[in-house]
Amino acid sequence: MAESVKVIVRCRPMNRREKDLKCETCLSVDSKTMQCSIRNPADKSSPPKTFTYDGSYFVDSVTEDIYNEIALPIVEGVLEGYNGTVFAYGQTGCGKSFTMQGIRDPPTQRGIIPRAFEHIFEAVATDQNTKYLVHASYLEIYNEEIRDLLGKDAKKKLNLHEHPDKGVHVPELSMHPVHNVDECEILMEKGWDNRSTGATLMNQDSSRSHSIFTITIEMMKKSGGENEHIRQGKLNLVDLAGSERQAKTG
């Protein structure tokens, strides 16, 4: 299990509201030992509580490093025919969407999702011995209801089924063929516009739902022969809603 699941922690800088409230930093991060230490601001004489993860990134970290160290091996596995998932979990306003979606400038802070798109299509373009078929889907789980963010009716409630071969899946979820990074980003933006968001005390444009953008890659060697078989890998890119109690953030 330790090899198949990794947990990392990323700490964001203070926002303007926290600075105005004169908040102080009570967390320290050691990226080399992958440890986070929290001290009690009300009792500075007490020893800090220390936690160890598979990776720890402080306020000066960039998404480029997180992708190369954590997400890149997962995407490589998907290109070999395995399933992989990257998801961000935490309170509203802690930086989940910033890490997953990212910003264009500076380039080092581009999110994990657009970096995964580039990684996949770069591999497709450079592998001359394999045929690839790439599809994308985007669903939202809001108030325990599943919706297709890329469907004709984004408000329509979909059902979840369990299949002996496919496992747990959503039969009516639309699958869209994609051929390059731009097409993926267009679908991502279309689905993002259909997501359920709302202002909270901690975030003006908070994601109020869980969303899963899935890239399905089918691969077949061009060598020919009777033993040709298709491999399939799935990459699930998940942006979760805030983990806190709603009363805390309004």
# chains A, B, ... in the order shown; residues from 1 in each chain; ligands from 1
>>> select_by_dssp(residues="region 93-249 of chain A", states="strand (DSSP E)", output="count of residues only")
52
>>> closest_residue(among="A:Leu139, A:Ala88, A:Ile113, A:Cys94", to="Val75 (chain A)", atoms="only C-alpha atoms")
A:Ile113
>>> residues_around(residues="Gly191 (chain A)", least_positions_apart="2", cutoff="10 Å", atoms="only C-alpha atoms", output="ChimeraX atom specification")
/A:137-140,148-151,154,185-189,193-195,211,213
>>> select_by_dssp(residues="region 70-234 of chain A", states="helix (DSSP H, G or I)", output="compact mmCIF listing (two decimals) with N, CA and C atoms, in the first residue's frame")
# COMPACT_ATOMS: atom_id res chain seq x y z
N ILE A 70 5.94 14.02 -7.77
CA ILE A 70 4.81 13.22 -7.30
C ILE A 70 3.90 12.74 -8.43
N ALA A 71 3.46 13.66 -9.29
CA ALA A 71 2.44 13.31 -10.29
C ALA A 71 3.03 12.64 -11.53
N LEU A 72 4.24 13.02 -11.91
CA LEU A 72 4.84 12.49 -13.14
C LEU A 72 4.88 10.95 -13.16
N PRO A 73 5.32 10.28 -12.08
CA PRO A 73 5.33 8.80 -12.12
C PRO A 73 3.94 8.21 -12.28
N ILE A 74 2.90 8.90 -11.78
CA ILE A 74 1.53 8.39 -11.92
C ILE A 74 1.11 8.46 -13.39
N VAL A 75 1.39 9.59 -14.04
CA VAL A 75 1.04 9.74 -15.47
C VAL A 75 1.83 8.75 -16.32
N GLU A 76 3.10 8.52 -15.98
CA GLU A 76 3.89 7.51 -16.69
C GLU A 76 3.25 6.13 -16.58
N GLY A 77 2.72 5.81 -15.40
CA GLY A 77 2.04 4.54 -15.19
C GLY A 77 0.79 4.41 -16.05
N VAL A 78 0.03 5.52 -16.18
CA VAL A 78 -1.18 5.52 -17.01
C VAL A 78 -0.82 5.25 -18.47
N LYS A 96 -6.34 24.10 -3.08
CA LYS A 96 -6.55 22.87 -3.86
C LYS A 96 -6.65 23.17 -5.36
N SER A 97 -7.55 24.10 -5.71
CA SER A 97 -7.72 24.43 -7.13
C SER A 97 -6.47 25.10 -7.69
N PHE A 98 -5.76 25.87 -6.87
CA PHE A 98 -4.52 26.51 -7.32
C PHE A 98 -3.50 25.44 -7.71
N THR A 99 -3.42 24.37 -6.92
CA THR A 99 -2.47 23.31 -7.21
C THR A 99 -2.91 22.49 -8.41
N MET A 100 -4.20 22.16 -8.49
CA MET A 100 -4.70 21.32 -9.58
C MET A 100 -4.83 22.09 -10.89
N PRO A 107 5.10 30.53 -15.17
CA PRO A 107 4.93 29.17 -15.71
C PRO A 107 5.19 28.07 -14.68
N THR A 108 6.04 28.34 -13.68
CA THR A 108 6.35 27.32 -12.68
C THR A 108 5.14 26.97 -11.82
N GLN A 109 4.10 27.83 -11.83
CA GLN A 109 2.90 27.59 -11.03
C GLN A 109 1.74 27.07 -11.88
N ILE A 112 -1.25 20.99 -11.92
CA ILE A 112 -0.98 19.58 -12.21
C ILE A 112 -1.79 19.11 -13.42
N ILE A 113 -3.03 19.58 -13.54
CA ILE A 113 -3.89 19.13 -14.64
C ILE A 113 -3.34 19.53 -16.01
N PRO A 114 -3.04 20.82 -16.27
CA PRO A 114 -2.48 21.15 -17.59
C PRO A 114 -1.12 20.51 -17.85
N ARG A 115 -0.33 20.30 -16.79
CA ARG A 115 0.96 19.61 -16.96
C ARG A 115 0.75 18.15 -17.36
N ALA A 116 -0.28 17.53 -16.80
CA ALA A 116 -0.58 16.14 -17.17
C ALA A 116 -1.02 16.06 -18.63
N PHE A 117 -1.82 17.04 -19.08
CA PHE A 117 -2.21 17.09 -20.49
C PHE A 117 -0.98 17.12 -21.39
N GLU A 118 -0.05 18.03 -21.09
CA GLU A 118 1.16 18.18 -21.90
C GLU A 118 1.98 16.90 -21.91
N HIS A 119 2.11 16.30 -20.74
CA HIS A 119 2.88 15.06 -20.58
C HIS A 119 2.31 13.96 -21.48
N ILE A 120 0.99 13.80 -21.44
CA ILE A 120 0.34 12.72 -22.19
C ILE A 120 0.52 12.92 -23.70
N PHE A 121 0.22 14.12 -24.19
CA PHE A 121 0.26 14.33 -25.64
C PHE A 121 1.68 14.43 -26.18
N GLU A 122 2.63 14.78 -25.32
CA GLU A 122 4.03 14.72 -25.72
C GLU A 122 4.45 13.27 -25.92
N ALA A 123 3.99 12.39 -25.01
CA ALA A 123 4.30 10.96 -25.13
C ALA A 123 3.64 10.37 -26.38
N VAL A 124 2.39 10.78 -26.65
CA VAL A 124 1.67 10.29 -27.84
C VAL A 124 2.40 10.71 -29.11
N ALA A 125 2.88 11.96 -29.14
CA ALA A 125 3.53 12.49 -30.35
C ALA A 125 4.88 11.85 -30.62
N THR A 126 5.57 11.45 -29.58
CA THR A 126 6.94 10.93 -29.76
C THR A 126 7.00 9.42 -29.93
N VAL A 181 -3.47 19.20 -26.36
CA VAL A 181 -3.63 19.88 -25.07
C VAL A 181 -4.75 20.92 -25.14
N ASP A 182 -4.82 21.66 -26.26
CA ASP A 182 -5.82 22.72 -26.38
C ASP A 182 -7.23 22.17 -26.27
N GLU A 183 -7.50 21.03 -26.89
CA GLU A 183 -8.84 20.44 -26.83
C GLU A 183 -9.18 20.03 -25.40
N CYS A 184 -8.20 19.51 -24.67
CA CYS A 184 -8.42 19.14 -23.27
C CYS A 184 -8.74 20.38 -22.44
N GLU A 185 -7.99 21.45 -22.68
CA GLU A 185 -8.20 22.67 -21.89
C GLU A 185 -9.55 23.32 -22.20
N ILE A 186 -10.00 23.21 -23.45
CA ILE A 186 -11.32 23.74 -23.82
C ILE A 186 -12.41 22.98 -23.06
N LEU A 187 -12.29 21.64 -23.01
CA LEU A 187 -13.26 20.83 -22.27
C LEU A 187 -13.20 21.14 -20.78
N MET A 188 -11.99 21.32 -20.26
CA MET A 188 -11.82 21.64 -18.85
C MET A 188 -12.51 22.97 -18.50
N GLU A 189 -12.30 23.98 -19.35
CA GLU A 189 -12.91 25.29 -19.10
C GLU A 189 -14.44 25.23 -19.23
N LYS A 190 -14.93 24.47 -20.19
CA LYS A 190 -16.38 24.31 -20.35
C LYS A 190 -16.99 23.67 -19.11
N GLY A 191 -16.35 22.61 -18.62
CA GLY A 191 -16.85 21.94 -17.42
C GLY A 191 -16.71 22.82 -16.19
N TRP A 192 -15.60 23.56 -16.11
CA TRP A 192 -15.37 24.43 -14.96
C TRP A 192 -16.47 25.48 -14.84
N ASP A 193 -16.90 26.00 -16.00
CA ASP A 193 -17.98 27.00 -16.01
C ASP A 193 -19.29 26.42 -15.51
N ASN A 194 -19.47 25.11 -15.66
CA ASN A 194 -20.71 24.46 -15.23
C ASN A 194 -20.68 23.97 -13.79
>>> closest_atom_pairs(of="region 57-175 of chain A", to="region 24-38 of chain A", cutoff="10 Å", atoms="only C-alpha atoms", output="CSV")
residue,atom,partner,partner_atom,distance
A:Tyr57,CA,A:Ser31,CA,6.1
A:Phe58,CA,A:Val29,CA,5.8
A:Val59,CA,A:Val29,CA,9.1
A:Ser61,CA,A:Ser31,CA,9.7
>>> closest_residue(among="A:Val168, A:Ile141, A:Ala136, A:Leu160", to="Asn180 (chain A)", atoms="only C-alpha atoms")
A:Ala136
>>> closest_residue(among="A:Pro48, A:Gly242, A:Pro177, A:Gly111", to="Tyr89 (chain A)", atoms="only C-alpha atoms")
A:Gly242
>>> closest_residue(among="A:His176, A:Arg12, A:Arg147, A:Lys152", to="Thr216 (chain A)", atoms="only C-alpha atoms")
A:His176
>>> atom_distance(atom1="CA of Ile215 (chain A)", atom2="CA of Gly233 (chain A)")
8.3 Å
>>> atom_distance(atom1="CA of Thr85 (chain A)", atom2="CA of Lys221 (chain A)")
24.8 Å
